[in-house]
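Report on one structure; see the data block that follows.
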Amino acid sequence: MTHAPHSEVAQHVADSATDHADSGVFPPFDPTYFASQLFWLAIFFVILYVALDRFILPKIKTTIEDRRDRIADDLDAAAQAKADAEAAGEAYEKSLAEARAKAHGIAADTRKALDAEIAKETAGVEAELATKQEHAEAAIRKAKDKAFAEVRGIATTATSAAVAALAGVEISEADAGKTVDGLLKAKEA
Amino acid sequence: MADTNPIKQFEVHEVFPFEAFGLNLAFTNSSFFMMLTAVLTIVLFAVAMSSRALVPNRAQSVAEIIYGFVADMVRSTAGQEGLRFFPFVFTLFIFILVANMLGMFPYFPAPGAHSFTITSHLIVTVALAMLVWLTVIVYGVFKNGAKFLRIFVPSGVPIFILPFVTLIEIISFVSRPISHSVRLFANMLAGHILLKVFAGFIVMMAAGSASMGWGELPGYLAGIFPFAMTLGLTALEFLVAFLQAYVFAILTCIYLNDALHPGH
């Protein structure tokens with residue numbers, strides 16, 4: 001403690017006390033410890049700077065960045081999952097529409113096939129009916145013709161018999177036939 | 001006996017004598033608080049960041065908030081290139097902040113048995129301010145060369161007042177370490193003196209009433225008023241302790257911005 005300049009009076013005070021600060025100088029302006037304060041400030045400030053710069057700040061930096069990356073990754077994964085789900089939904093919709101279209105096709109084909117079969121059967125039955133009708137009509141016509149022919153024979157015989165009975169005149173069969181034909185013709189007209 | 005001297009808190013006590021180069025470099029209570037500031041900061045941050053959890057706990061959260069606070073401050077005032085000085089600004093900010101906060105203890109198990117605010121000593125704040133100022137000059141010249149002188153010549157000033165403005169800019173640049181250091185020093189010094197003066201009133205009132213022959217009790221009862229004042233001032237001083245660390249750091253960023261972008 002020999003380096004601080006003391007006045008005669010202050011020396012007495014300093015002798016009785018142990019501190020330089022008691023020498024009467026306002027402590028923050030006391031130059032006694034300026035060198036000491038600068039020296040230790042430099043040491044501890046540099047220690048703090050190195051510790052922060054080398055170890056602590058990079059650690060905080062990587063922690064914050066890791067978290068940011070992790071959140072970004074998770075968001076990406078979520079977006080990917082959403083896209084996948086949407087794609088799956090679209091595929092489902094598509095296959096559903098396809099199945100529906102296919103079902104429609106099958107129904108239409110079936111209907112067409114049934115229609116064709118029905119038409120074919122109907123045509124067969126109609127054709128059969130037509131031939132049967134034709135046969136029946138032919139038989140009727142034949143029977144009718146035969147009946148008419150028989151009617152003429154009967155009429156001729158009846159005519160000649162009537163003539164013989166009424167007039168007593170014997171007429172030939174041919175004349176009787178002629179008359180009958182003429183009457184028939186007149187009736188038809 | 002209670003000591004009501006409000007200046008006593010600024011006293012420096014030697015702990016270990018140490019001399020080198022003919023200088024008294026003794027380890028003092030000031031050195032002790034510098035050591036405590038550095039060690040406490042390192043230990044607290046190391047513990048806070050020990051788990052490095054994805055979801056941070058409270059301590060880690062605080063460490064990350066301080067990191068983000070300083071990083072935003074550097075980025076907003078000195079730009080993206082300013083982040084090269086981020087560790088420097090962070091160290092200054094946290095060093096001053098922790099030192100100011102340690103100074104808020106009324107008593108402390110430290111040499112001299114009192115708390116000590118290292119930023120209440122002008123030599124310390126001058127050293128920090130000079131460190132910033134010299135960093136600005138050295139980096140500014142290193143990065144910009146002669147263009148660094150453009151910080152004295154603002155653009156868009158009419159030519160006939162330019163010499164005057166340049167003179168003012170030079171004066172303002174030279175006085176930066178003074179204003180930078182005195183602002184922090186004076187705030188801490190004045191605040192701490194005020195705190196101890198009001199706290200001392202409580203003891204003085206008790207002694208006063210005892211000397212009047214009324215006993216100490218009326219003095220202590222009246223002491224409720226200076227005590228309320230001390231309480232309020234303590235809250236204010238916590239604000240000042242944080243604010244001055246913030247102001248010192250943001251001014252550092254603004255000055256570093258000059259070194260990075262001298263043209264304005």
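Starting from 1 in every chain, residues are counted up; chains themselves are A, B, ... following the order of the structure tokens, and ligands are numbered from 1 as listed.
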
Per-residue nearest contacts of chain B to chain A (7 Å; only C-alpha atoms) as a tab-separated table:
```
residue	atom	partner	partner_atom	distance
B:Phe10	CA	A:Pro27	CA	5.8
B:Glu11	CA	A:Pro27	CA	5.4
B:Val12	CA	A:Ala21	CA	6.6
B:His13	CA	A:Asp19	CA	6.3
B:Leu23	CA	A:Ala35	CA	6.7
B:Asn24	CA	A:Ser36	CA	6.1
B:Leu25	CA	A:Ser36	CA	3.9
B:Ala26	CA	A:Ser36	CA	5.8
B:Ser30	CA	A:Gln37	CA	6.9
B:Ser31	CA	A:Trp40	CA	5.7
B:Met34	CA	A:Phe44	CA	6.3
B:Met35	CA	A:Phe44	CA	5.9
B:Ala38	CA	A:Leu48	CA	5.3
B:Ile42	CA	A:Ala51	CA	6.9
B:Phe45	CA	A:Ile56	CA	6.8
B:Ala46	CA	A:Ile56	CA	6.6
B:Met49	CA	A:Ile60	CA	6.9
B:Arg52	CA	A:Thr63	CA	6.1
B:Leu54	CA	A:Arg67	CA	5.9
B:Glu64	CA	A:Ile60	CA	6.5
B:Pro87	CA	A:Asp53	CA	5.5
B:Phe88	CA	A:Tyr49	CA	7.0
B:Thr91	CA	A:Tyr49	CA	5.6
B:Ser120	CA	A:Pro28	CA	6.9
B:His121	CA	A:Pro28	CA	4.7
B:Leu122	CA	A:Pro28	CA	6.2
B:Ile123	CA	A:Phe34	CA	6.4
B:Val124	CA	A:Leu38	CA	6.8
```

Tell me, as a PyMOL selection string, which residues lie within 12 Å of Glu81 in chain B, counting only C-alpha atoms; anything in the same chain fewer than 5 positions away does not count.
chain B and resi 71+74-76+86+143+253+256-261

Those selected residues, please, written with N, CA and C atoms and delivered as a compact mmCIF listing (two decimals), in the first residue's frame.
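So the final result, stored in again.txt, reads:
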```
# COMPACT_ATOMS: atom_id res chain seq x y z
N ALA B 71 -30.05 -11.20 -30.64
CA ALA B 71 -29.90 -11.44 -32.09
C ALA B 71 -30.81 -10.50 -32.87
N VAL B 74 -29.31 -6.96 -32.78
CA VAL B 74 -28.18 -6.80 -33.69
C VAL B 74 -28.69 -6.74 -35.13
N ARG B 75 -29.60 -7.65 -35.48
CA ARG B 75 -30.08 -7.73 -36.86
C ARG B 75 -30.85 -6.47 -37.25
N SER B 76 -31.66 -5.94 -36.33
CA SER B 76 -32.50 -4.79 -36.70
C SER B 76 -31.68 -3.50 -36.78
N PHE B 86 -22.27 -10.52 -33.28
CA PHE B 86 -23.26 -10.99 -32.31
C PHE B 86 -22.63 -11.49 -31.00
N LYS B 143 -12.39 -2.93 -43.15
CA LYS B 143 -13.39 -3.36 -44.14
C LYS B 143 -13.57 -2.35 -45.26
N CYS B 253 -24.51 -1.65 -31.12
CA CYS B 253 -24.99 -2.08 -32.44
C CYS B 253 -25.02 -0.91 -33.42
N LEU B 256 -21.52 -0.04 -34.40
CA LEU B 256 -20.97 -1.08 -35.29
C LEU B 256 -21.58 -0.96 -36.68
N ASN B 257 -22.83 -0.50 -36.74
CA ASN B 257 -23.48 -0.30 -38.03
C ASN B 257 -22.70 0.71 -38.87
N ASP B 258 -22.12 1.73 -38.21
CA ASP B 258 -21.29 2.71 -38.92
C ASP B 258 -20.08 2.03 -39.55
N ALA B 259 -19.49 1.11 -38.80
CA ALA B 259 -18.31 0.41 -39.33
C ALA B 259 -18.70 -0.48 -40.51
N LEU B 260 -19.92 -1.04 -40.46
CA LEU B 260 -20.35 -1.95 -41.53
C LEU B 260 -20.84 -1.19 -42.75
N HIS B 261 -21.59 -0.11 -42.52
CA HIS B 261 -22.18 0.67 -43.63
C HIS B 261 -21.85 2.14 -43.41
```

Surrounding residues of range 172-177 of chain A excluding itself and chain neighbours under 3 positions, 8 Å, only C-alpha atoms, as a PyMOL selection string
chain A and resi 152-153+156-157+159-160+180-181

With N, CA and C atoms retained, export the selected residues as a PDB file, in the first residue's frame.
```
ATOM      1  N   ARG A 152    -123.822 -76.255-106.154  1.00  0.00           N
ATOM      2  CA  ARG A 152    -124.183 -76.170-107.584  1.00  0.00           C
ATOM      3  C   ARG A 152    -124.828 -77.476-108.082  1.00  0.00           C
ATOM      4  N   GLY A 153    -124.164 -78.579-107.648  1.00  0.00           N
ATOM      5  CA  GLY A 153    -124.686 -79.902-108.054  1.00  0.00           C
ATOM      6  C   GLY A 153    -126.124 -80.100-107.514  1.00  0.00           C
ATOM      7  N   THR A 156    -128.558 -77.805-109.319  1.00  0.00           N
ATOM      8  CA  THR A 156    -128.818 -78.287-110.678  1.00  0.00           C
ATOM      9  C   THR A 156    -129.864 -79.422-110.608  1.00  0.00           C
ATOM     10  N   THR A 157    -129.581 -80.356-109.711  1.00  0.00           N
ATOM     11  CA  THR A 157    -130.477 -81.490-109.554  1.00  0.00           C
ATOM     12  C   THR A 157    -131.854 -81.009-109.148  1.00  0.00           C
ATOM     13  N   THR A 159    -133.117 -78.028-109.589  1.00  0.00           N
ATOM     14  CA  THR A 159    -133.687 -77.256-110.685  1.00  0.00           C
ATOM     15  C   THR A 159    -134.394 -78.211-111.678  1.00  0.00           C
ATOM     16  N   SER A 160    -133.637 -79.236-112.083  1.00  0.00           N
ATOM     17  CA  SER A 160    -134.208 -80.148-113.074  1.00  0.00           C
ATOM     18  C   SER A 160    -135.417 -80.891-112.478  1.00  0.00           C
ATOM     19  N   VAL A 180    -128.603 -72.392-113.324  1.00  0.00           N
ATOM     20  CA  VAL A 180    -128.047 -72.193-111.956  1.00  0.00           C
ATOM     21  C   VAL A 180    -126.893 -71.228-111.978  1.00  0.00           C
ATOM     22  N   ASP A 181    -125.986 -71.407-112.916  1.00  0.00           N
ATOM     23  CA  ASP A 181    -124.808 -70.509-113.024  1.00  0.00           C
ATOM     24  C   ASP A 181    -125.256 -69.068-113.210  1.00  0.00           C
TER      25      ASP A 181
END
```

Just want the 12 Å neighbourhood of Val247 in chain B, counted on only C-alpha atoms, with same-chain residues fewer than 4 positions away dropped. Output as a ChimeraX atom specification.
/B:70,73,89,92-93,96-97,179-181,183-184,187,239-243,251-254

If you run DSSP on this backbone, which residues of range 77-227 of chain B come out as helix (DSSP H, G or I), and could you give them as a count of residues only?
121

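Interatomic distance, CA of Ile250 in chain B against CA of Phe69 in chain B: 11.1 Å.
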